[in-house]
>>> print(open('input.cif').read())   # mmCIF, C-alpha atoms and all ligand atoms
data_structure
#
loop_
_atom_site.label_atom_id
_atom_site.label_comp_id
_atom_site.auth_asym_id
_atom_site.auth_seq_id
_atom_site.Cartn_x
_atom_site.Cartn_y
_atom_site.Cartn_z
CA MET S 1 -14.80 10.28 -21.42
CA THR S 2 -11.58 8.58 -22.54
CA TYR S 3 -9.38 8.02 -19.55
CA LEU S 4 -7.00 5.79 -21.46
CA THR S 5 -5.13 8.13 -23.78
CA GLU S 6 -2.54 6.74 -26.15
CA GLU S 7 0.24 7.70 -23.74
CA ARG S 8 -1.48 5.96 -20.83
CA ARG S 9 -2.05 2.82 -22.90
CA LEU S 10 1.64 2.76 -23.68
CA ILE S 11 2.51 3.11 -19.99
CA GLN S 12 0.04 0.32 -19.19
CA ASP S 13 1.33 -2.03 -21.92
CA THR S 14 4.95 -1.44 -20.97
CA ALA S 15 4.21 -2.13 -17.30
CA ARG S 16 2.23 -5.25 -18.22
CA LYS S 17 5.09 -6.71 -20.25
CA PHE S 18 7.62 -5.76 -17.57
CA ALA S 19 5.55 -7.31 -14.75
CA MET S 20 4.85 -10.57 -16.59
CA LYS S 21 8.52 -10.98 -17.54
CA GLU S 22 10.35 -9.65 -14.48
CA VAL S 23 7.94 -9.86 -11.53
CA LEU S 24 5.77 -12.96 -11.99
CA PRO S 25 8.58 -15.57 -12.13
CA VAL S 26 10.24 -14.01 -9.07
CA ALA S 27 6.93 -13.98 -7.18
CA ASN S 28 6.18 -17.60 -8.06
CA GLU S 29 9.60 -18.62 -6.81
CA LEU S 30 9.93 -16.48 -3.67
CA ASP S 31 6.45 -16.09 -2.21
CA PRO S 32 6.01 -19.82 -1.41
CA VAL S 33 9.32 -19.83 0.53
CA GLN S 34 8.77 -16.36 2.05
CA GLY S 35 11.91 -15.04 0.37
CA ASP S 36 12.79 -11.35 0.13
CA MET S 37 12.20 -9.29 -3.01
CA PRO S 38 15.71 -9.30 -4.50
CA MET S 39 17.81 -6.17 -5.07
CA ALA S 40 18.05 -7.08 -8.77
CA LEU S 41 14.28 -6.64 -9.07
CA ARG S 42 14.43 -3.36 -7.14
CA ASP S 43 17.08 -2.15 -9.59
CA LYS S 44 14.92 -3.12 -12.58
CA LEU S 45 11.91 -1.27 -11.12
CA ALA S 46 14.19 1.73 -10.62
CA ALA S 47 15.43 1.55 -14.21
CA MET S 48 11.78 1.66 -15.36
CA GLY S 49 11.34 4.85 -13.30
CA TYR S 50 8.60 3.30 -11.17
CA PHE S 51 9.84 4.81 -7.89
CA GLY S 52 9.50 8.30 -9.34
CA ILE S 53 6.23 8.22 -11.28
CA MET S 54 4.75 11.04 -9.18
CA ILE S 55 8.01 12.83 -8.32
CA PRO S 56 8.41 16.10 -10.29
CA GLU S 57 10.72 15.99 -13.31
CA GLU S 58 12.99 18.63 -11.74
CA PHE S 59 13.91 16.01 -9.14
CA GLY S 60 14.45 13.25 -11.68
CA GLY S 61 10.96 11.75 -11.51
CA MET S 62 8.43 11.25 -14.30
CA GLY S 63 6.21 14.08 -13.10
CA LEU S 64 3.06 12.08 -13.83
CA GLY S 65 -0.15 11.75 -11.83
CA CYS S 66 -2.00 9.33 -9.63
CA PHE S 67 -3.66 7.87 -12.76
CA GLU S 68 -0.40 6.65 -14.27
CA TYR S 69 0.81 5.54 -10.83
CA CYS S 70 -2.29 3.35 -10.42
CA LEU S 71 -2.04 1.96 -13.96
CA VAL S 72 1.47 0.72 -13.20
CA THR S 73 0.37 -0.47 -9.74
CA GLU S 74 -2.39 -2.64 -11.22
CA GLU S 75 0.08 -4.33 -13.56
CA LEU S 76 2.64 -5.01 -10.83
CA ALA S 77 -0.04 -6.31 -8.42
CA ARG S 78 -1.36 -8.60 -11.14
CA CYS S 79 1.90 -10.48 -10.55
CA TRP S 80 2.84 -9.75 -6.92
CA MET S 81 1.10 -7.29 -4.63
CA SER S 82 4.24 -6.75 -2.55
CA VAL S 83 6.03 -5.27 -5.58
CA ALA S 84 3.09 -2.96 -6.24
CA SER S 85 3.44 -1.86 -2.62
CA LEU S 86 7.19 -1.36 -2.92
CA ILE S 87 6.79 1.46 -5.45
CA ALA S 88 4.83 3.41 -2.81
CA ARG S 89 8.05 3.42 -0.75
CA GLY S 90 9.42 5.88 -3.33
CA ASN S 91 7.10 8.26 -5.17
CA GLY S 92 7.53 10.94 -2.51
CA LEU S 93 6.11 8.53 0.08
CA ILE S 94 2.62 9.72 -0.88
CA GLY S 95 1.59 12.94 0.83
CA SER S 96 4.97 13.50 2.48
CA SER S 97 7.01 15.18 -0.24
CA ARG S 98 4.87 18.28 -0.49
CA ASN S 99 5.54 18.86 3.21
CA MET S 100 9.31 18.61 2.83
CA ASN S 101 11.25 21.89 2.84
CA ALA S 102 13.43 22.82 -0.15
CA ALA S 103 16.61 21.36 1.38
CA GLN S 104 14.88 18.09 2.23
CA ARG S 105 13.41 17.78 -1.26
CA GLU S 106 16.83 18.35 -2.76
CA GLN S 107 18.42 15.87 -0.37
CA TRP S 108 15.87 13.06 -0.61
CA LEU S 109 13.63 13.21 -3.71
CA ARG S 110 16.27 12.63 -6.39
CA ARG S 111 17.56 9.54 -4.64
CA MET S 112 13.99 8.37 -4.12
CA ALA S 113 13.18 8.75 -7.83
CA ARG S 114 16.25 6.64 -8.63
CA GLY S 115 15.07 3.92 -6.20
CA GLU S 116 18.12 4.49 -4.00
CA PHE S 117 16.16 5.93 -1.08
CA LEU S 118 13.07 3.91 -0.22
CA GLY S 119 11.13 4.22 2.98
CA ALA S 120 9.17 2.36 5.60
CA PHE S 121 6.19 4.12 7.15
CA SER S 122 5.65 3.76 10.88
CA LEU S 123 2.30 5.12 11.98
CA SER S 124 0.49 2.22 13.66
CA GLU S 125 1.06 1.28 17.29
CA PRO S 126 -0.28 -1.51 19.49
CA ASN S 127 -3.15 0.81 20.54
CA ALA S 128 -3.27 3.06 17.50
CA GLY S 129 -4.71 1.07 14.59
CA SER S 130 -7.97 2.34 13.12
CA ASP S 131 -7.78 5.02 15.81
CA VAL S 132 -4.63 6.42 14.18
CA ALA S 133 -4.55 9.58 16.27
CA ASN S 134 -4.13 7.53 19.45
CA ILE S 135 -0.34 7.65 19.08
CA THR S 136 1.61 7.46 22.35
CA CYS S 137 5.17 7.09 21.00
CA ARG S 138 6.87 10.34 22.09
CA ALA S 139 9.74 12.62 21.15
CA ARG S 140 11.33 15.20 23.45
CA ARG S 141 13.61 17.99 22.23
CA ASP S 142 17.26 17.84 23.29
CA GLY S 143 19.23 20.72 21.72
CA GLU S 144 19.55 20.10 17.99
CA HIS S 145 18.04 16.62 18.32
CA TRP S 146 14.81 14.92 19.22
CA VAL S 147 14.84 11.76 21.34
CA LEU S 148 12.20 9.17 20.48
CA ASN S 149 10.73 6.59 22.87
CA GLY S 150 7.84 4.17 22.62
CA SER S 151 6.40 1.24 20.68
CA LYS S 152 5.37 0.97 17.06
CA TYR S 153 3.61 -1.93 15.37
CA TRP S 154 3.12 -3.15 11.79
CA CYS S 155 6.09 -1.35 10.22
CA THR S 156 6.53 -3.07 6.86
CA PHE S 157 10.04 -2.95 5.33
CA ALA S 158 11.57 -1.52 8.55
CA ASP S 159 14.76 -3.47 7.91
CA GLY S 160 15.14 -3.26 4.11
CA ALA S 161 14.30 0.44 3.78
CA ASP S 162 16.79 3.30 3.57
CA PHE S 163 14.73 5.35 6.01
CA ILE S 164 11.77 5.09 8.36
CA MET S 165 9.16 7.85 8.37
CA VAL S 166 7.84 7.72 11.91
CA LEU S 167 4.96 9.62 13.50
CA VAL S 168 5.33 10.48 17.17
CA ARG S 169 3.78 12.78 19.71
CA THR S 170 5.80 15.97 20.28
CA GLY S 171 3.07 17.95 22.05
CA GLU S 172 2.99 17.80 25.85
CA THR S 173 -0.67 17.10 26.58
CA ILE S 174 -3.13 14.72 25.06
CA ASP S 175 -6.53 16.38 24.89
CA PRO S 176 -8.89 13.46 24.06
CA ALA S 177 -11.00 15.67 21.79
CA ARG S 178 -7.97 16.98 19.85
CA LYS S 179 -5.55 14.09 19.98
CA HIS S 180 -4.80 14.44 16.26
CA LEU S 181 -2.85 17.58 17.23
CA GLY S 182 0.68 17.39 18.64
CA ILE S 183 1.86 14.63 16.30
CA SER S 184 5.04 15.18 14.24
CA ALA S 185 6.81 13.22 11.51
CA PHE S 186 10.52 12.39 11.38
CA LEU S 187 12.45 10.85 8.54
CA ILE S 188 15.15 8.65 10.08
CA GLU S 189 17.93 7.66 7.68
CA LYS S 190 19.48 4.28 8.37
CA PRO S 191 21.68 1.64 6.78
CA ARG S 192 19.77 -0.69 4.48
CA GLY S 193 19.29 -4.08 6.14
CA GLN S 194 19.45 -2.72 9.69
CA LEU S 195 17.26 -0.84 12.13
CA PRO S 196 18.36 2.67 13.21
CA PRO S 197 20.49 3.04 16.37
CA GLY S 198 18.16 3.14 19.38
CA VAL S 199 15.52 0.97 17.67
CA ARG S 200 14.97 -2.73 18.29
CA GLY S 201 12.42 -4.89 16.55
CA ASN S 202 11.01 -8.26 15.64
CA PRO S 203 9.16 -9.42 12.54
CA ILE S 204 5.46 -10.20 13.03
CA PRO S 205 4.50 -13.71 11.80
CA LYS S 206 1.95 -12.71 9.12
CA ILE S 207 0.09 -15.08 6.77
CA GLY S 208 0.88 -13.35 3.48
CA TYR S 209 2.27 -10.15 1.94
CA PHE S 210 5.58 -11.93 1.66
CA GLY S 211 8.71 -10.59 -0.04
CA TRP S 212 9.48 -8.36 2.93
CA ARG S 213 8.95 -8.34 6.69
CA THR S 214 6.55 -6.36 8.87
CA TYR S 215 7.96 -5.31 12.25
CA GLU S 216 7.06 -4.41 15.77
CA LEU S 217 9.52 -1.74 16.86
CA ALA S 218 10.72 -0.39 20.20
CA PHE S 219 12.23 3.12 20.17
CA ASP S 220 14.59 3.46 23.11
CA ASP S 221 16.25 6.89 23.25
CA CYS S 222 16.54 7.02 19.44
CA ARG S 223 18.21 10.38 18.63
CA VAL S 224 17.14 12.15 15.46
CA PRO S 225 18.53 15.49 14.15
CA ALA S 226 15.90 18.25 14.32
CA SER S 227 16.46 18.83 10.58
CA CYS S 228 14.76 15.47 9.92
CA MET S 229 11.34 16.67 11.01
CA VAL S 230 9.06 16.69 7.94
CA GLY S 231 6.33 19.30 7.84
CA GLU S 232 5.21 21.51 10.67
CA GLU S 233 5.73 20.46 14.27
CA GLY S 234 2.56 18.98 15.71
CA LYS S 235 0.70 18.94 12.37
CA ALA S 236 1.71 15.55 10.89
CA PHE S 237 -1.81 14.22 11.12
CA TYR S 238 -2.83 16.70 8.41
CA MET S 239 0.10 15.53 6.27
CA VAL S 240 -1.15 11.94 6.47
CA SER S 241 -4.71 13.04 5.71
CA GLN S 242 -3.53 14.85 2.55
CA GLY S 243 -2.18 11.57 1.17
CA LEU S 244 -5.21 9.43 1.98
CA GLU S 245 -7.05 9.76 -1.34
CA LYS S 246 -3.97 8.68 -3.29
CA ALA S 247 -3.23 5.90 -0.81
CA ARG S 248 -6.78 4.57 -1.16
CA ALA S 249 -6.63 4.69 -4.96
CA HIS S 250 -3.30 2.87 -4.81
CA THR S 251 -4.76 0.16 -2.56
CA ALA S 252 -7.71 -0.22 -4.92
CA ALA S 253 -5.24 -0.62 -7.80
CA ARG S 254 -3.43 -3.32 -5.83
CA ALA S 255 -6.72 -5.15 -5.16
CA ILE S 256 -7.79 -4.87 -8.81
CA GLY S 257 -4.40 -6.10 -10.05
CA LEU S 258 -4.29 -9.19 -7.91
CA ALA S 259 -7.96 -9.98 -8.66
CA ARG S 260 -7.11 -9.78 -12.36
CA GLY S 261 -4.18 -12.14 -11.80
CA ALA S 262 -6.55 -14.63 -10.17
CA LEU S 263 -9.09 -14.22 -13.00
CA GLU S 264 -6.50 -14.74 -15.74
CA ASP S 265 -5.16 -17.82 -13.98
CA ALA S 266 -8.71 -19.18 -13.51
CA ILE S 267 -9.49 -18.71 -17.21
CA ALA S 268 -6.29 -20.52 -18.23
CA TYR S 269 -7.03 -23.35 -15.79
CA ALA S 270 -10.67 -23.66 -16.91
CA LYS S 271 -9.56 -24.07 -20.53
CA GLN S 272 -6.99 -26.72 -19.72
CA ARG S 273 -8.53 -28.82 -16.91
CA GLU S 274 -10.84 -31.55 -18.21
CA GLN S 275 -13.54 -33.39 -16.27
CA PHE S 276 -16.43 -35.44 -17.62
CA GLY S 277 -14.61 -35.52 -20.95
CA ARG S 278 -14.48 -31.77 -21.56
CA PRO S 279 -12.69 -28.63 -20.29
CA ILE S 280 -14.37 -27.36 -17.13
CA GLY S 281 -14.58 -23.97 -18.89
CA GLU S 282 -17.44 -25.42 -20.93
CA PHE S 283 -19.63 -25.85 -17.85
CA GLN S 284 -21.99 -22.97 -17.38
CA ALA S 285 -21.33 -22.90 -13.63
CA ILE S 286 -17.68 -22.05 -14.33
CA ARG S 287 -18.41 -19.70 -17.25
CA PHE S 288 -20.84 -17.64 -15.18
CA LYS S 289 -18.38 -17.40 -12.31
CA ILE S 290 -15.80 -16.00 -14.74
CA ALA S 291 -18.31 -13.55 -16.21
CA GLN S 292 -19.20 -12.33 -12.72
CA MET S 293 -15.53 -11.99 -11.68
CA ALA S 294 -14.63 -10.00 -14.79
CA THR S 295 -17.62 -7.71 -14.30
CA GLU S 296 -16.71 -6.97 -10.69
CA ILE S 297 -13.10 -6.21 -11.59
CA GLU S 298 -14.16 -3.83 -14.36
CA ALA S 299 -16.61 -2.03 -12.06
CA ALA S 300 -13.86 -1.48 -9.49
CA ARG S 301 -11.44 -0.34 -12.19
CA GLN S 302 -13.83 2.24 -13.61
CA LEU S 303 -14.42 3.66 -10.12
CA MET S 304 -10.65 3.78 -9.61
CA TYR S 305 -10.20 5.65 -12.91
CA PHE S 306 -12.82 8.16 -11.78
CA VAL S 307 -11.06 8.69 -8.44
CA CYS S 308 -7.58 8.98 -10.00
CA ASP S 309 -8.89 11.53 -12.50
CA ALA S 310 -10.48 13.57 -9.69
CA ILE S 311 -7.23 13.51 -7.69
CA ASP S 312 -5.15 14.60 -10.70
CA CYS S 313 -7.62 17.39 -11.52
CA GLY S 314 -7.52 18.61 -7.90
CA ARG S 315 -11.15 17.77 -7.10
CA ARG S 316 -11.86 16.53 -3.56
CA CYS S 317 -13.05 12.94 -3.67
CA ASP S 318 -12.62 11.54 -0.17
CA GLN S 319 -16.03 9.85 -0.26
CA GLU S 320 -15.44 8.28 -3.67
CA ALA S 321 -11.89 7.26 -2.72
CA ALA S 322 -13.27 5.49 0.36
CA MET S 323 -15.96 3.81 -1.81
CA CYS S 324 -13.31 2.76 -4.31
CA LYS S 325 -11.01 1.25 -1.65
CA LEU S 326 -13.96 -0.49 0.01
CA PHE S 327 -15.45 -1.90 -3.19
CA ALA S 328 -12.15 -2.98 -4.77
CA SER S 329 -10.84 -4.77 -1.68
CA GLU S 330 -14.14 -6.56 -0.94
CA MET S 331 -14.33 -7.46 -4.64
CA ALA S 332 -10.77 -8.84 -4.56
CA GLU S 333 -11.59 -11.20 -1.74
CA ARG S 334 -14.69 -12.51 -3.58
CA VAL S 335 -12.94 -12.82 -6.94
CA THR S 336 -9.80 -14.55 -5.65
CA SER S 337 -11.92 -16.98 -3.65
CA GLU S 338 -13.93 -17.87 -6.77
CA ALA S 339 -10.70 -18.25 -8.76
CA LEU S 340 -9.40 -20.64 -6.12
CA GLN S 341 -12.69 -22.57 -6.36
CA ILE S 342 -12.28 -22.90 -10.12
CA HIS S 343 -8.87 -24.50 -9.49
CA GLY S 344 -10.53 -27.16 -7.27
CA GLY S 345 -8.02 -28.96 -5.03
CA ALA S 346 -5.13 -27.50 -7.04
CA GLY S 347 -6.17 -24.07 -5.78
CA TYR S 348 -5.63 -25.18 -2.20
CA THR S 349 -1.93 -25.88 -2.81
CA LYS S 350 1.17 -23.76 -3.07
CA LEU S 351 1.66 -25.02 -6.63
CA TYR S 352 -0.53 -22.31 -8.17
CA ALA S 353 -0.30 -18.54 -7.76
CA VAL S 354 -4.01 -18.22 -7.01
CA GLU S 355 -3.45 -18.93 -3.30
CA ARG S 356 -1.05 -15.97 -3.12
CA HIS S 357 -3.62 -13.65 -4.67
CA TRP S 358 -6.28 -14.98 -2.25
CA ARG S 359 -4.08 -14.40 0.84
CA ASP S 360 -2.96 -10.98 -0.33
CA ALA S 361 -6.53 -9.94 -1.23
CA ARG S 362 -7.48 -10.50 2.39
CA LEU S 363 -5.02 -7.84 3.51
CA THR S 364 -6.44 -5.16 1.22
CA LYS S 365 -9.57 -5.15 3.43
CA ILE S 366 -7.43 -4.37 6.49
CA PHE S 367 -4.61 -1.95 5.72
CA GLU S 368 -4.89 1.68 4.57
CA GLY S 369 -8.08 1.85 6.65
CA THR S 370 -10.24 -1.25 7.19
CA SER S 371 -13.46 -1.83 5.26
CA GLU S 372 -15.40 -0.79 8.34
CA ILE S 373 -13.50 2.52 8.52
CA GLN S 374 -14.25 3.18 4.83
CA GLN S 375 -17.94 2.45 5.55
CA ARG S 376 -17.75 4.85 8.45
CA ILE S 377 -16.36 7.62 6.21
CA ILE S 378 -19.01 7.02 3.55
CA SER S 379 -21.88 6.84 6.04
CA ASP S 380 -20.65 10.02 7.77
CA HIS S 381 -20.94 11.75 4.39
CA LEU S 382 -24.45 10.43 3.88
CA LEU S 383 -25.88 10.66 7.39
CA GLY S 384 -23.70 13.26 9.10
CA ARG S 385 -20.86 12.50 11.47
CA SER S 386 -21.50 9.93 14.18
CA GLU S 387 -19.80 10.29 17.56
CA ALA S 388 -19.77 6.49 18.14
C1 LIG S 401 0.49 -7.04 6.95
C2 LIG S 401 0.27 -5.65 7.46
C3 LIG S 401 1.13 -4.64 7.09
C4 LIG S 401 0.97 -3.35 7.62
N1 LIG S 401 1.88 -2.38 7.30
C5 LIG S 401 1.83 -1.18 7.94
C6 LIG S 401 2.86 -0.20 7.77
O1 LIG S 401 3.81 -0.39 6.98
N2 LIG S 401 2.82 0.93 8.50
C7 LIG S 401 1.80 1.19 9.38
O2 LIG S 401 1.83 2.25 10.03
N3 LIG S 401 0.79 0.30 9.54
C8 LIG S 401 0.77 -0.87 8.85
N4 LIG S 401 -0.23 -1.80 9.05
C9 LIG S 401 -1.28 -1.52 10.03
C10 LIG S 401 -2.68 -1.37 9.44
O3 LIG S 401 -2.84 -0.13 8.84
C11 LIG S 401 -3.68 -1.64 10.61
O4 LIG S 401 -3.63 -3.03 10.87
C12 LIG S 401 -5.08 -1.19 10.28
O5 LIG S 401 -5.16 0.21 10.23
C13 LIG S 401 -6.08 -1.71 11.32
O6 LIG S 401 -5.67 -1.44 12.63
P1 LIG S 401 -5.67 -2.62 13.71
O7 LIG S 401 -4.97 -3.79 13.12
O8 LIG S 401 -5.15 -2.08 14.99
O9 LIG S 401 -7.19 -3.03 13.88
P2 LIG S 401 -8.24 -2.34 14.89
O10 LIG S 401 -8.26 -0.87 14.67
O11 LIG S 401 -8.02 -2.85 16.26
O12 LIG S 401 -9.60 -2.93 14.32
C14 LIG S 401 -10.13 -4.20 14.72
C15 LIG S 401 -11.53 -4.33 14.11
O13 LIG S 401 -12.40 -3.33 14.64
C16 LIG S 401 -12.95 -2.55 13.60
N5 LIG S 401 -13.10 -1.15 14.02
C17 LIG S 401 -12.18 -0.37 14.66
N6 LIG S 401 -12.69 0.86 14.87
C18 LIG S 401 -13.93 0.88 14.35
C19 LIG S 401 -14.97 1.84 14.23
N7 LIG S 401 -14.82 3.09 14.70
N8 LIG S 401 -16.12 1.50 13.63
C20 LIG S 401 -16.29 0.23 13.14
N9 LIG S 401 -15.35 -0.74 13.20
C21 LIG S 401 -14.20 -0.43 13.80
C22 LIG S 401 -11.96 -2.67 12.44
O14 LIG S 401 -12.55 -2.39 11.20
C23 LIG S 401 -11.53 -4.13 12.60
O15 LIG S 401 -12.47 -4.96 11.99
C24 LIG S 401 -0.11 -3.08 8.49
C25 LIG S 401 -1.00 -4.10 8.82
C26 LIG S 401 -0.82 -5.38 8.34
C27 LIG S 401 -1.79 -6.46 8.75
#
>>> encode(input="input.cif", output="structure tokens", more="lines below")
Ligand SMILES: Cc1cc2nc3c(=O)[nH]c(=O)nc-3n(C[C@H](O)[C@H](O)[C@H](O)COP(=O)(O)OP(=O)(O)OC[C@H]3O[C@@H](n4cnc5c(N)ncnc54)[C@H](O)[C@@H]3O)c2cc1C
Amino acid sequence: MTYLTEERRLIQDTARKFAMKEVLPVANELDPVQGDMPMALRDKLAAMGYFGIMIPEEFGGMGLGCFEYCLVTEELARCWMSVASLIARGNGLIGSSRNMNAAQREQWLRRMARGEFLGAFSLSEPNAGSDVANITCRARRDGEHWVLNGSKYWCTFADGADFIMVLVRTGETIDPARKHLGISAFLIEKPRGQLPPGVRGNPIPKIGYFGWRTYELAFDDCRVPASCMVGEEGKAFYMVSQGLEKARAHTAARAIGLARGALEDAIAYAKQREQFGRPIGEFQAIRFKIAQMATEIEAARQLMYFVCDAIDCGRRCDQEAAMCKLFASEMAERVTSEALQIHGGAGYTKLYAVERHWRDARLTKIFEGTSEIQQRIISDHLLGRSEA
């Protein structure tokens, strides 16, 4: 089967040239000093249409599928994973747009496709990580508004975004067996560069994924118009679940992209660095590492293509999407570590991009469902659901 049609190759080539020219130099400059992704870059991504790849054409998007979205993602992540993540802050905020009503779509999707309306996603809490349904942040109805109170954790881009999509509990009781029910989603518009009124927060001191900040947030009587609820009241958990396959494919694409960046850098270094009177790329130990790295990347990519194709054709693939996310992120950690090894001492400095890819690879095993959670999903498919 030919996944890579002529049109897809063109999309891939264009994204590759764009990323190498516009993203890589910015990443190499800003990641080591933990600088923010600049607005100029955001504007260029918008001009390429990358915030609207999956938004329907009637709302100004490209109307393409998860396959094209992941092709572009791989190319951006090859240069800087944070930029590959930024495009997910448009693109209908995966899984959310189909739950918007007609007025909300009209109001938000066009601006999103133009890159003028990008979001942060606030699901996690101090005690709701892998156990995502354990949300305790609450909203109570007050006339035409809802009033939000509680703590959120790990909200990336909370300050730079144009809105925060937040999941809170609107149901009155928490039945431990059905705690996924009673959760609702609100889209809170806010000025770029600030937190919404009634929300305070501090950046979490993370070890990578630079270019933007990740926040802990405190909602303290934050008032939100009732019209900003997205999807059905109490059913937001299903909305998140609908987007999981795409989100996992996207994370695999990020892992594959950054692993490829590390591989390409390792190949260039191995050709140029000489020891014992010859390039280290002539030593079999280095050559075999490179062969192994390339093989692992290609295996992950082919699984990702399979998953993207299934998603675009409307076939359920939750098991394969979990396998793909698991394999690609574990692969990325191995491959970037080997690439760093090929750089010797130079790899353990901030003078080469390989250390960025290595740090960012580590995160792909944690967010969008940890490796252990993916293994749990896969083993539940194979063995039947475990209650542990
Ligand atoms: C840099 C960064 C950015 C993030 N950005 C966002 C964001 O923008 N929005 C957002 O909502 N969230 C975000 N997250 C949160 C992320 O999704 C969570 O960190 C992730 O889901 C894991 O939750 P946790 O950190 O609470 O770990 P925990 O759930 O506490 O897990 C700790 C360990 O226990 C294991 N474990 C837990 N439960 C099980 C189980 N049942 N079986 C086996 N092992 C288990 C885990 O795999 C892990 O190894 C971000 C996280 C990071 C680090």
>>> closest_residue(input="input.cif", among="S:Ala291, S:Ile207, S:Met54, S:Val307", to="Ala266 of chain S", atoms="only C-alpha atoms")
S:Ala291
>>> closest_residue(input="input.cif", among="S:Tyr269, S:Tyr50, S:Phe367, S:Tyr305", to="ligand LIG 401 (chain S)", atoms="only C-alpha atoms and all ligand atoms")
S:Phe367
>>> closest_residue(input="input.cif", among="S:Arg89, S:Arg78, S:Arg376, S:Arg114", to="Lys44 of chain S", atoms="all atoms listed in the file")
S:Arg114
>>> atom_distance(input="input.cif", atom1="atom CA of Val147 of chain S", atom2="atom CA of Thr170 of chain S")
10.0 Å
>>> residues_near_point(input="input.cif", point="(-14.5, 2.7, 2.4)", cutoff="8 Å", atoms="all atoms listed in the file", output="PyMOL selection string")
chain S and resi 319+321-327+369-378
>>> closest_residue(input="input.cif", among="S:Val83, S:Thr336, S:Thr73, S:Gln272", to="Val26 of chain S", atoms="only C-alpha atoms")
S:Val83
>>> residues_near_ligand(input="input.cif", ligand="ligand LIG 401 (chain S)", cutoff="7 Å", atoms="only C-alpha atoms and all ligand atoms", output="PDB file with C-alpha atoms, in the coordinates of the input")
ATOM      1  CA  ALA S 120       9.170   2.360   5.600  1.00  0.00           C
ATOM      2  CA  PHE S 121       6.190   4.120   7.150  1.00  0.00           C
ATOM      3  CA  SER S 122       5.650   3.760  10.880  1.00  0.00           C
ATOM      4  CA  LEU S 123       2.300   5.120  11.980  1.00  0.00           C
ATOM      5  CA  SER S 124       0.490   2.220  13.660  1.00  0.00           C
ATOM      6  CA  PRO S 126      -0.280  -1.510  19.490  1.00  0.00           C
ATOM      7  CA  ASN S 127      -3.150   0.810  20.540  1.00  0.00           C
ATOM      8  CA  ALA S 128      -3.270   3.060  17.500  1.00  0.00           C
ATOM      9  CA  GLY S 129      -4.710   1.070  14.590  1.00  0.00           C
ATOM     10  CA  SER S 130      -7.970   2.340  13.120  1.00  0.00           C
ATOM     11  CA  ASP S 131      -7.780   5.020  15.810  1.00  0.00           C
ATOM     12  CA  TYR S 153       3.610  -1.930  15.370  1.00  0.00           C
ATOM     13  CA  TRP S 154       3.120  -3.150  11.790  1.00  0.00           C
ATOM     14  CA  CYS S 155       6.090  -1.350  10.220  1.00  0.00           C
ATOM     15  CA  THR S 156       6.530  -3.070   6.860  1.00  0.00           C
ATOM     16  CA  PHE S 157      10.040  -2.950   5.330  1.00  0.00           C
ATOM     17  CA  LYS S 206       1.950 -12.710   9.120  1.00  0.00           C
ATOM     18  CA  TYR S 209       2.270 -10.150   1.940  1.00  0.00           C
ATOM     19  CA  THR S 214       6.550  -6.360   8.870  1.00  0.00           C
ATOM     20  CA  LEU S 363      -5.020  -7.840   3.510  1.00  0.00           C
ATOM     21  CA  ILE S 366      -7.430  -4.370   6.490  1.00  0.00           C
ATOM     22  CA  PHE S 367      -4.610  -1.950   5.720  1.00  0.00           C
ATOM     23  CA  GLU S 368      -4.890   1.680   4.570  1.00  0.00           C
ATOM     24  CA  GLY S 369      -8.080   1.850   6.650  1.00  0.00           C
ATOM     25  CA  THR S 370     -10.240  -1.250   7.190  1.00  0.00           C
ATOM     26  CA  SER S 371     -13.460  -1.830   5.260  1.00  0.00           C
ATOM     27  CA  GLU S 372     -15.400  -0.790   8.340  1.00  0.00           C
ATOM     28  CA  ILE S 373     -13.500   2.520   8.520  1.00  0.00           C
ATOM     29  CA  ARG S 376     -17.750   4.850   8.450  1.00  0.00           C
ATOM     30  CA  ALA S 388     -19.770   6.490  18.140  1.00  0.00           C
TER      31      ALA S 388
END
>>> atom_distance(input="input.cif", atom1="atom CA of Lys365 of chain S", atom2="atom CA of Leu86 of chain S")
18.3 Å
>>> atom_distance(input="input.cif", atom1="atom CA of Ala255 of chain S", atom2="atom CA of Leu71 of chain S")
12.2 Å
>>> residues_around(input="input.cif", residues="Glu233 of chain S", least_positions_apart="2", cutoff="7 Å", atoms="all atoms listed in the file", output="PDB file with C-alpha atoms, keeping the file's coordinate frame")
ATOM      1  CA  SER S 184       5.040  15.180  14.240  1.00  0.00           C
ATOM      2  CA  GLY S 231       6.330  19.300   7.840  1.00  0.00           C
ATOM      3  CA  LYS S 235       0.700  18.940  12.370  1.00  0.00           C
TER       4      LYS S 235
END
>>> closest_residue(input="input.cif", among="S:Met229, S:Leu109, S:Leu118, S:Leu45", to="Val168 of chain S", atoms="all atoms listed in the file")
S:Met229
